[in-house]
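Next comes run-v6.txt, a file with compact mmCIF, C-alpha atoms.
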# COMPACT_ATOMS: atom_id res chain seq x y z
CA MET H 1 111.10 184.05 179.19
CA THR H 2 109.35 181.83 176.66
CA PRO H 3 108.32 183.02 173.21
CA LEU H 4 104.85 184.55 173.03
CA VAL H 5 103.93 182.39 170.02
CA PRO H 6 104.95 178.74 169.88
CA PRO H 7 107.32 177.91 167.02
CA PRO H 8 105.67 176.19 164.04
CA ASP H 9 106.07 172.47 163.57
CA PRO H 10 108.80 171.94 160.91
CA ASP H 11 107.25 168.65 159.83
CA ALA H 12 103.93 170.34 159.12
CA LEU H 13 105.72 173.08 157.20
CA HIS H 14 107.60 170.53 155.11
CA LEU H 15 104.30 168.78 154.38
CA ILE H 16 102.74 172.03 153.15
CA ALA H 17 105.89 172.80 151.15
CA ARG H 18 105.66 169.46 149.37
CA SER H 19 101.94 170.01 148.79
CA CYS H 20 102.66 173.37 147.15
CA ALA H 21 105.36 171.84 144.96
CA GLY H 22 102.92 169.14 143.85
CA LEU H 23 100.29 171.76 143.16
CA GLY H 24 102.80 173.69 141.05
CA ASP H 25 103.60 170.62 138.97
CA ALA H 26 99.91 169.84 138.47
CA LEU H 27 99.08 173.42 137.49
CA ALA H 28 101.98 173.51 135.05
CA GLU H 29 100.77 170.30 133.41
CA VAL H 30 97.17 171.47 133.19
CA GLY H 31 98.32 174.85 131.84
CA ARG H 32 100.34 173.13 129.13
CA ARG H 33 97.33 171.03 128.11
CA VAL H 34 95.03 174.07 128.13
CA ARG H 35 97.39 175.88 125.77
CA GLY H 36 97.38 172.83 123.48
CA LEU H 37 93.60 172.72 123.62
CA SER H 38 93.41 176.37 122.58
CA GLU H 39 95.47 175.58 119.48
CA GLN H 40 93.17 172.71 118.55
CA ILE H 41 90.07 174.84 119.06
CA ALA H 42 91.62 177.55 116.88
CA HIS H 43 91.84 175.00 114.08
CA ASP H 44 88.34 173.57 114.49
CA TRP H 45 86.34 176.69 115.43
CA PRO H 46 87.53 179.31 112.97
CA ASP H 47 84.77 181.92 113.26
CA GLY H 48 84.78 185.11 115.36
CA ARG H 49 83.25 183.58 118.47
CA GLY H 50 85.69 180.71 118.27
CA HIS H 51 88.54 183.19 118.02
CA GLU H 52 87.39 184.90 121.21
CA TRP H 53 87.36 181.59 123.06
CA VAL H 54 90.74 180.65 121.65
CA GLN H 55 92.19 183.86 123.06
CA ARG H 56 90.52 183.32 126.43
CA THR H 57 91.74 179.74 126.57
CA ALA H 58 95.30 180.64 125.60
CA ARG H 59 95.32 183.37 128.24
CA LEU H 60 94.05 180.89 130.82
CA GLY H 61 96.81 178.47 129.89
CA HIS H 62 99.45 181.13 130.43
CA GLU H 63 97.87 182.22 133.73
CA LEU H 64 97.93 178.63 134.93
CA GLY H 65 101.62 178.52 134.07
CA ARG H 66 102.22 181.64 136.14
CA GLU H 67 100.19 180.23 139.05
CA ALA H 68 102.23 177.05 138.82
CA ALA H 69 105.39 179.09 139.30
CA ALA H 70 103.75 180.93 142.19
CA ALA H 71 102.82 177.63 143.85
CA VAL H 72 106.39 176.40 143.53
CA GLU H 73 107.68 179.65 145.04
CA LEU H 74 105.18 179.31 147.87
CA GLY H 75 106.43 175.80 148.54
CA GLU H 76 109.99 177.09 148.65
CA ALA H 77 108.94 179.80 151.09
CA TYR H 78 107.38 177.18 153.37
CA ALA H 79 110.55 175.11 153.10
CA ARG H 80 112.65 178.11 154.13
CA HIS H 81 110.19 178.71 156.95
CA ALA H 82 110.64 175.13 158.10
CA ALA H 83 114.39 175.57 158.09
CA ASP H 84 114.23 178.74 160.19
CA PRO H 85 110.95 178.83 162.17
CA PRO H 86 111.81 181.58 164.67
CA ALA H 87 112.48 184.03 161.88
CA TRP H 88 108.83 184.12 160.74
CA GLY H 89 106.39 182.23 162.86
CA ALA H 90 107.31 183.09 166.40
CA LEU H 91 107.99 186.37 168.09
CA PRO H 92 111.52 186.54 169.46
CA PRO H 93 111.86 185.70 173.16
CA MET H 94 112.13 188.77 175.36
CA VAL H 95 115.26 188.41 177.41
CA GLY H 96 117.81 190.78 178.89
CA PRO H 97 117.30 194.56 179.00
CA ALA H 98 114.49 194.40 176.46
CA ALA H 99 112.41 192.35 178.87
CA ARG H 100 113.07 194.86 181.66
CA HIS H 101 112.02 197.88 179.59
CA ALA H 102 109.39 196.38 177.35
CA GLY H 103 106.73 198.92 178.33
CA VAL H 104 104.22 199.65 181.00
CA ARG H 105 103.48 196.69 183.20
CA LEU H 106 99.75 196.50 183.60
CA GLY H 107 98.03 195.41 186.73
CA GLY H 108 96.38 192.03 186.94
CA THR H 109 92.95 191.13 188.31
CA GLU H 110 94.37 189.65 191.52
CA ALA H 111 94.35 193.00 193.35
CA GLN H 112 98.05 192.58 194.01
CA ARG H 113 100.90 194.92 193.29
CA VAL H 114 102.79 194.03 190.14
CA ASP H 115 105.57 196.58 190.52
CA GLU H 116 107.56 197.79 193.49
CA GLY H 117 107.44 201.39 192.27
CA ARG H 118 104.95 203.68 193.98
CA GLY H 119 103.46 207.06 193.20
CA MET H 120 103.66 209.17 190.08
CA ARG H 121 106.74 209.24 187.91
CA ILE H 122 107.60 212.67 186.59
CA ALA H 123 109.57 212.84 183.39
CA GLN H 124 112.94 214.48 183.93
CA LEU H 125 115.69 215.68 181.65
CA PRO H 126 119.03 213.98 182.02
CA ASP H 127 121.64 215.87 184.06
CA ASP H 128 123.79 216.84 181.07
CA ALA H 129 120.80 218.57 179.40
CA SER H 130 121.31 221.71 181.55
CA THR H 131 123.79 223.08 179.01
CA GLU H 132 121.57 224.32 176.24
CA PRO H 133 123.01 224.78 172.77
CA ASN H 134 123.31 228.36 171.47
CA MET F 9 79.62 177.50 103.27
CA SER F 10 83.28 178.26 103.01
CA SER F 11 85.32 175.24 103.89
CA GLU F 12 87.54 177.48 106.04
CA LEU F 13 84.54 178.43 108.20
CA ARG F 14 82.90 175.03 108.37
CA LEU F 15 82.91 173.72 111.93
CA GLN F 16 83.66 170.14 112.78
CA PRO F 17 80.98 169.09 115.31
CA ASP F 18 82.66 165.84 116.28
CA ARG F 19 86.00 167.50 116.91
CA LEU F 20 84.34 170.36 118.79
CA ARG F 21 82.48 167.88 121.00
CA SER F 22 85.80 166.19 121.70
CA HIS F 23 87.31 169.54 122.71
CA ALA F 24 84.31 170.22 124.96
CA VAL F 25 84.91 166.91 126.74
CA ALA F 26 88.60 167.73 127.07
CA ALA F 27 87.84 171.14 128.60
CA ALA F 28 85.39 169.59 131.06
CA SER F 29 87.97 166.97 131.96
CA LEU F 30 90.62 169.63 132.63
CA SER F 31 88.14 171.55 134.77
CA GLU F 32 87.46 168.44 136.85
CA GLU F 33 91.17 167.74 137.08
CA LEU F 34 91.71 171.19 138.56
CA ARG F 35 88.80 170.65 140.93
CA GLY F 36 90.59 167.53 142.15
CA LEU F 37 93.49 169.73 143.28
CA LEU F 38 91.23 171.56 145.75
CA PRO F 39 91.54 172.58 148.44
CA VAL F 40 94.94 174.15 147.92
CA MET F 41 94.63 175.92 151.27
CA PRO F 42 96.55 174.46 154.21
CA PRO F 43 94.34 173.03 156.94
CA PRO F 44 93.05 175.46 159.58
CA GLY F 45 95.60 176.03 162.26
CA ALA F 46 98.49 175.12 160.00
CA PRO F 47 101.69 176.95 160.81
CA GLY F 48 103.00 179.76 158.70
CA ARG F 49 103.08 183.49 158.64
CA PRO F 50 100.01 185.40 157.40
CA ALA F 51 101.64 186.39 154.11
CA LEU F 52 101.97 182.73 153.17
CA ALA F 53 98.36 182.06 154.08
CA ALA F 54 97.32 185.04 151.95
CA GLU F 55 99.26 183.68 148.99
CA HIS F 56 97.62 180.30 149.53
CA GLU F 57 94.24 182.02 149.48
CA ARG F 58 95.11 183.82 146.24
CA LEU F 59 96.17 180.54 144.63
CA GLN F 60 92.92 178.91 145.70
CA ALA F 61 90.95 181.76 144.10
CA ALA F 62 92.98 181.48 140.88
CA VAL F 63 92.31 177.75 140.64
CA LEU F 64 88.60 178.33 141.20
CA VAL F 65 88.55 180.91 138.40
CA ALA F 66 90.32 178.46 136.08
CA ILE F 67 87.82 175.72 136.96
CA ARG F 68 84.92 178.01 136.07
CA GLU F 69 86.59 179.27 132.90
CA LEU F 70 87.20 175.74 131.61
CA ALA F 71 83.64 174.73 132.41
CA GLU F 72 82.38 177.76 130.45
CA LEU F 73 84.71 176.88 127.58
CA SER F 74 83.34 173.35 127.55
CA ALA F 75 79.77 174.63 127.38
CA ALA F 76 80.62 177.14 124.65
CA VAL F 77 82.42 174.59 122.49
CA ALA F 78 79.61 172.06 122.95
CA GLY F 79 77.14 174.79 121.98
CA ALA F 80 79.15 175.53 118.85
CA ALA F 81 79.09 171.84 117.96
CA THR F 82 75.32 171.73 118.38
CA ALA F 83 74.95 174.89 116.29
CA ALA F 84 77.18 173.41 113.59
CA VAL F 85 75.03 170.28 113.43
CA ALA F 86 71.91 172.43 113.20
CA ALA F 87 73.48 174.57 110.48
CA ASP F 88 74.49 171.50 108.51
CA GLY F 89 70.92 170.18 108.84
CA ALA F 90 69.48 173.49 107.67
CA VAL F 91 71.79 173.59 104.68
CA ALA F 92 70.86 170.02 103.78
CA ARG F 93 67.15 170.88 103.96
CA VAL F 94 67.61 173.93 101.74
CA LEU F 95 69.52 171.90 99.19
CA ARG F 96 66.81 169.24 99.23
CA HIS F 97 64.14 171.87 98.65
CA VAL F 98 66.15 173.34 95.81
CA GLU F 99 66.57 169.95 94.26
CA GLU F 100 62.84 169.21 94.64
CA GLY F 101 61.92 172.60 93.19
CA LEU F 102 64.14 172.22 90.21
CA GLY F 103 62.98 168.72 89.48
CA PRO F 104 64.56 166.43 86.86
CA SER F 105 63.21 168.45 83.93
CA GLN F 106 64.44 171.82 85.20
CA GLY F 107 67.59 170.79 86.92
CA GLY F 108 69.32 169.72 83.80
CA GLU F 109 71.85 167.06 84.04
CA ARG F 110 72.38 165.83 87.59
CA VAL F 111 75.90 165.41 88.77
What would the structure in this file look like if it were written as structure tokens?
Amino acid sequence: MTPLVPPPDPDALHLIARSCAGLGDALAEVGRRVRGLSEQIAHDWPDGRGHEWVQRTARLGHELGREAAAAVELGEAYARHAADPPAWGALPPMVGPAARHAGVRLGGTEAQRVDEGRGMRIAQLPDDASTEPN
Amino acid sequence: MSSELRLQPDRLRSHAVAAASLSEELRGLLPVMPPPGAPGRPALAAEHERLQAAVLVAIRELAELSAAVAGAATAAVAADGAVARVLRHVEEGLGPSQGGERV
């Protein structure tokens, strides 16, 4: 039986992984420059309002640094995904006993029987369940 | 005005330009989302979406910073002008006979 979801294209995943890595580098660089800018503003805008903006800018610089790390991690996750597509993207193929007992087989719209079984099925206890524990 | 609190309009304008430039640089990174239909599990797409939102917030924050710093530069120029006018009036009011020796 074929997988229910087609496996992802490893090339496309590698492309996204590289894109994320590039984004991480760019965010890290911008974050570094934003932190530098906050230091310059602190020097040239020394009143209370300037201090508020310096704090906001410094915080933004640090957040950009964290997002850069997150982008790099995301790229690494895509790279791992590319290396092992069935683990994440596709549902495992249903073969063997699991395929036989996967659940109720529903009827189609063709007005044809889909199962050889007929009539009601009454739940029964297994034979060895007749000996009840004390 | 205390020299420690005196703003430098030219330098502030330069910082405003730098902040606007950084904002545009971040905008150039968009979109950070993978194209529609790209492979990947939903958790990765969600993280991509979160990154996109974070970059958009940073773009807006830098644009606001640029406007605020430019506004401070404009205010500093206006304050310098006001101080100059007051000093001129004081000088005119004192006059050469009342102002004593000019330095």
> What separation in Å, quoted to one decimal, exists between CA of Ala70 (chain H) and CA of Val65 (chain F)?
Replying inline: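 Separation of CA of Ala70 (chain H) and CA of Val65 (chain F): 15.7 Å.
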> Rounded to one decimal in Å, what is the spacing between CA of His23 (chain F) and CA of Val77 (chain F)?
Replying inline: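 Between these atoms lies a distance of 7.0 Å.
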>> Distance cut-off 9 Å, counting only C-alpha atoms - which residues of chain F neighbour chain H? Return them as a VMD selection string.
In response: chain F and resid 12 to 17 19 to 20 23 26 to 27 30 33 to 34 37 40 42 46 to 50 52 55 to 56 59 62 to 63 66 69 to 70 73 76 to 77 80
Report, as lines of an AutoDock Vina configuration file, the centre and edge lengths in Å (one decimal) of the axis-aligned box enclosing every listed atom of region 56-63 of chain F, padded by 8 Å on each side.
center_x = 94.3
center_y = 180.8
center_z = 145.1
size_x = 22.7
size_y = 22.1
size_z = 24.9
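Between Arg35 (chain H) and the residues H:Ala83, H:Glu76, H:Arg59, H:Asp11, the shortest atom-to-atom distance, using only C-alpha atoms, involves H:Arg59.
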>> Can you measure CA of Arg21 (chain F) to CA of Asp25 (chain H) for me? One decimal in Å is fine.
In response: 27.9 Å
> Closest to Gly24 (chain H) among H:Glu110, H:Asp127, H:Asp84, H:Glu73, using all atoms listed in the file?
Replying inline: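 Checking each of H:Glu110, H:Asp127, H:Asp84, H:Glu73 against Gly24 (chain H), counting all atoms listed in the file, the winner is H:Glu73.
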With N, CA and C atoms as the goal, would you fill in the gaps in region 9-38 of chain F and present it as a PDB file, keeping the file's coordinate frame?
ATOM      1  N   MET F   9      78.827 177.004 102.139  1.00  0.00           N
ATOM      2  CA  MET F   9      79.620 177.500 103.270  1.00  0.00           C
ATOM      3  C   MET F   9      81.106 177.318 102.958  1.00  0.00           C
ATOM      4  N   SER F  10      81.855 178.358 103.259  1.00  0.00           N
ATOM      5  CA  SER F  10      83.280 178.260 103.010  1.00  0.00           C
ATOM      6  C   SER F  10      83.877 177.125 103.821  1.00  0.00           C
ATOM      7  N   SER F  11      84.731 176.374 103.179  1.00  0.00           N
ATOM      8  CA  SER F  11      85.320 175.240 103.890  1.00  0.00           C
ATOM      9  C   SER F  11      86.175 175.722 105.065  1.00  0.00           C
ATOM     10  N   GLU F  12      86.707 176.960 104.943  1.00  0.00           N
ATOM     11  CA  GLU F  12      87.540 177.480 106.040  1.00  0.00           C
ATOM     12  C   GLU F  12      86.698 177.775 107.273  1.00  0.00           C
ATOM     13  N   LEU F  13      85.400 178.078 107.068  1.00  0.00           N
ATOM     14  CA  LEU F  13      84.540 178.430 108.200  1.00  0.00           C
ATOM     15  C   LEU F  13      83.656 177.275 108.645  1.00  0.00           C
ATOM     16  N   ARG F  14      83.749 176.142 107.984  1.00  0.00           N
ATOM     17  CA  ARG F  14      82.900 175.030 108.370  1.00  0.00           C
ATOM     18  C   ARG F  14      83.427 174.415 109.667  1.00  0.00           C
ATOM     19  N   LEU F  15      82.512 174.279 110.625  1.00  0.00           N
ATOM     20  CA  LEU F  15      82.910 173.720 111.930  1.00  0.00           C
ATOM     21  C   LEU F  15      82.834 172.203 111.882  1.00  0.00           C
ATOM     22  N   GLN F  16      83.615 171.591 112.698  1.00  0.00           N
ATOM     23  CA  GLN F  16      83.660 170.140 112.780  1.00  0.00           C
ATOM     24  C   GLN F  16      82.992 169.727 114.092  1.00  0.00           C
ATOM     25  N   PRO F  17      81.703 169.374 114.052  1.00  0.00           N
ATOM     26  CA  PRO F  17      80.980 169.090 115.310  1.00  0.00           C
ATOM     27  C   PRO F  17      81.632 168.001 116.149  1.00  0.00           C
ATOM     28  N   ASP F  18      82.069 166.944 115.506  1.00  0.00           N
ATOM     29  CA  ASP F  18      82.660 165.840 116.280  1.00  0.00           C
ATOM     30  C   ASP F  18      83.932 166.292 117.000  1.00  0.00           C
ATOM     31  N   ARG F  19      84.750 167.022 116.294  1.00  0.00           N
ATOM     32  CA  ARG F  19      86.000 167.500 116.910  1.00  0.00           C
ATOM     33  C   ARG F  19      85.689 168.513 118.009  1.00  0.00           C
ATOM     34  N   LEU F  20      84.707 169.386 117.761  1.00  0.00           N
ATOM     35  CA  LEU F  20      84.340 170.360 118.790  1.00  0.00           C
ATOM     36  C   LEU F  20      83.807 169.660 120.037  1.00  0.00           C
ATOM     37  N   ARG F  21      82.999 168.629 119.836  1.00  0.00           N
ATOM     38  CA  ARG F  21      82.480 167.880 121.000  1.00  0.00           C
ATOM     39  C   ARG F  21      83.652 167.259 121.774  1.00  0.00           C
ATOM     40  N   SER F  22      84.623 166.763 121.050  1.00  0.00           N
ATOM     41  CA  SER F  22      85.800 166.190 121.700  1.00  0.00           C
ATOM     42  C   SER F  22      86.544 167.251 122.521  1.00  0.00           C
ATOM     43  N   HIS F  23      86.651 168.456 121.968  1.00  0.00           N
ATOM     44  CA  HIS F  23      87.310 169.540 122.710  1.00  0.00           C
ATOM     45  C   HIS F  23      86.486 169.926 123.950  1.00  0.00           C
ATOM     46  N   ALA F  24      85.167 169.887 123.813  1.00  0.00           N
ATOM     47  CA  ALA F  24      84.310 170.220 124.960  1.00  0.00           C
ATOM     48  C   ALA F  24      84.537 169.208 126.092  1.00  0.00           C
ATOM     49  N   VAL F  25      84.648 167.950 125.726  1.00  0.00           N
ATOM     50  CA  VAL F  25      84.910 166.910 126.740  1.00  0.00           C
ATOM     51  C   VAL F  25      86.276 167.135 127.373  1.00  0.00           C
ATOM     52  N   ALA F  26      87.260 167.496 126.535  1.00  0.00           N
ATOM     53  CA  ALA F  26      88.600 167.730 127.070  1.00  0.00           C
ATOM     54  C   ALA F  26      88.605 168.897 128.046  1.00  0.00           C
ATOM     55  N   ALA F  27      87.892 169.971 127.700  1.00  0.00           N
ATOM     56  CA  ALA F  27      87.840 171.140 128.600  1.00  0.00           C
ATOM     57  C   ALA F  27      87.157 170.773 129.914  1.00  0.00           C
ATOM     58  N   ALA F  28      86.074 170.007 129.828  1.00  0.00           N
ATOM     59  CA  ALA F  28      85.390 169.590 131.060  1.00  0.00           C
ATOM     60  C   ALA F  28      86.290 168.710 131.903  1.00  0.00           C
ATOM     61  N   SER F  29      87.057 167.853 131.243  1.00  0.00           N
ATOM     62  CA  SER F  29      87.970 166.970 131.960  1.00  0.00           C
ATOM     63  C   SER F  29      89.058 167.767 132.669  1.00  0.00           C
ATOM     64  N   LEU F  30      89.595 168.781 131.994  1.00  0.00           N
ATOM     65  CA  LEU F  30      90.620 169.630 132.630  1.00  0.00           C
ATOM     66  C   LEU F  30      90.034 170.387 133.812  1.00  0.00           C
ATOM     67  N   SER F  31      88.791 170.844 133.655  1.00  0.00           N
ATOM     68  CA  SER F  31      88.140 171.550 134.770  1.00  0.00           C
ATOM     69  C   SER F  31      88.019 170.623 135.983  1.00  0.00           C
ATOM     70  N   GLU F  32      87.600 169.393 135.731  1.00  0.00           N
ATOM     71  CA  GLU F  32      87.460 168.440 136.850  1.00  0.00           C
ATOM     72  C   GLU F  32      88.814 168.091 137.446  1.00  0.00           C
ATOM     73  N   GLU F  33      89.826 168.042 136.583  1.00  0.00           N
ATOM     74  CA  GLU F  33      91.170 167.740 137.080  1.00  0.00           C
ATOM     75  C   GLU F  33      91.641 168.840 138.046  1.00  0.00           C
ATOM     76  N   LEU F  34      91.353 170.086 137.659  1.00  0.00           N
ATOM     77  CA  LEU F  34      91.710 171.190 138.560  1.00  0.00           C
ATOM     78  C   LEU F  34      90.904 171.119 139.852  1.00  0.00           C
ATOM     79  N   ARG F  35      89.643 170.746 139.732  1.00  0.00           N
ATOM     80  CA  ARG F  35      88.800 170.650 140.930  1.00  0.00           C
ATOM     81  C   ARG F  35      89.369 169.595 141.889  1.00  0.00           C
ATOM     82  N   GLY F  36      89.980 168.572 141.314  1.00  0.00           N
ATOM     83  CA  GLY F  36      90.590 167.530 142.150  1.00  0.00           C
ATOM     84  C   GLY F  36      91.781 168.034 142.942  1.00  0.00           C
ATOM     85  N   LEU F  37      92.346 169.173 142.546  1.00  0.00           N
ATOM     86  CA  LEU F  37      93.490 169.730 143.280  1.00  0.00           C
ATOM     87  C   LEU F  37      93.036 170.488 144.517  1.00  0.00           C
ATOM     88  N   LEU F  38      91.738 170.785 144.612  1.00  0.00           N
ATOM     89  CA  LEU F  38      91.230 171.560 145.750  1.00  0.00           C
ATOM     90  C   LEU F  38      91.084 170.666 146.969  1.00  0.00           C
TER      91      LEU F  38
END
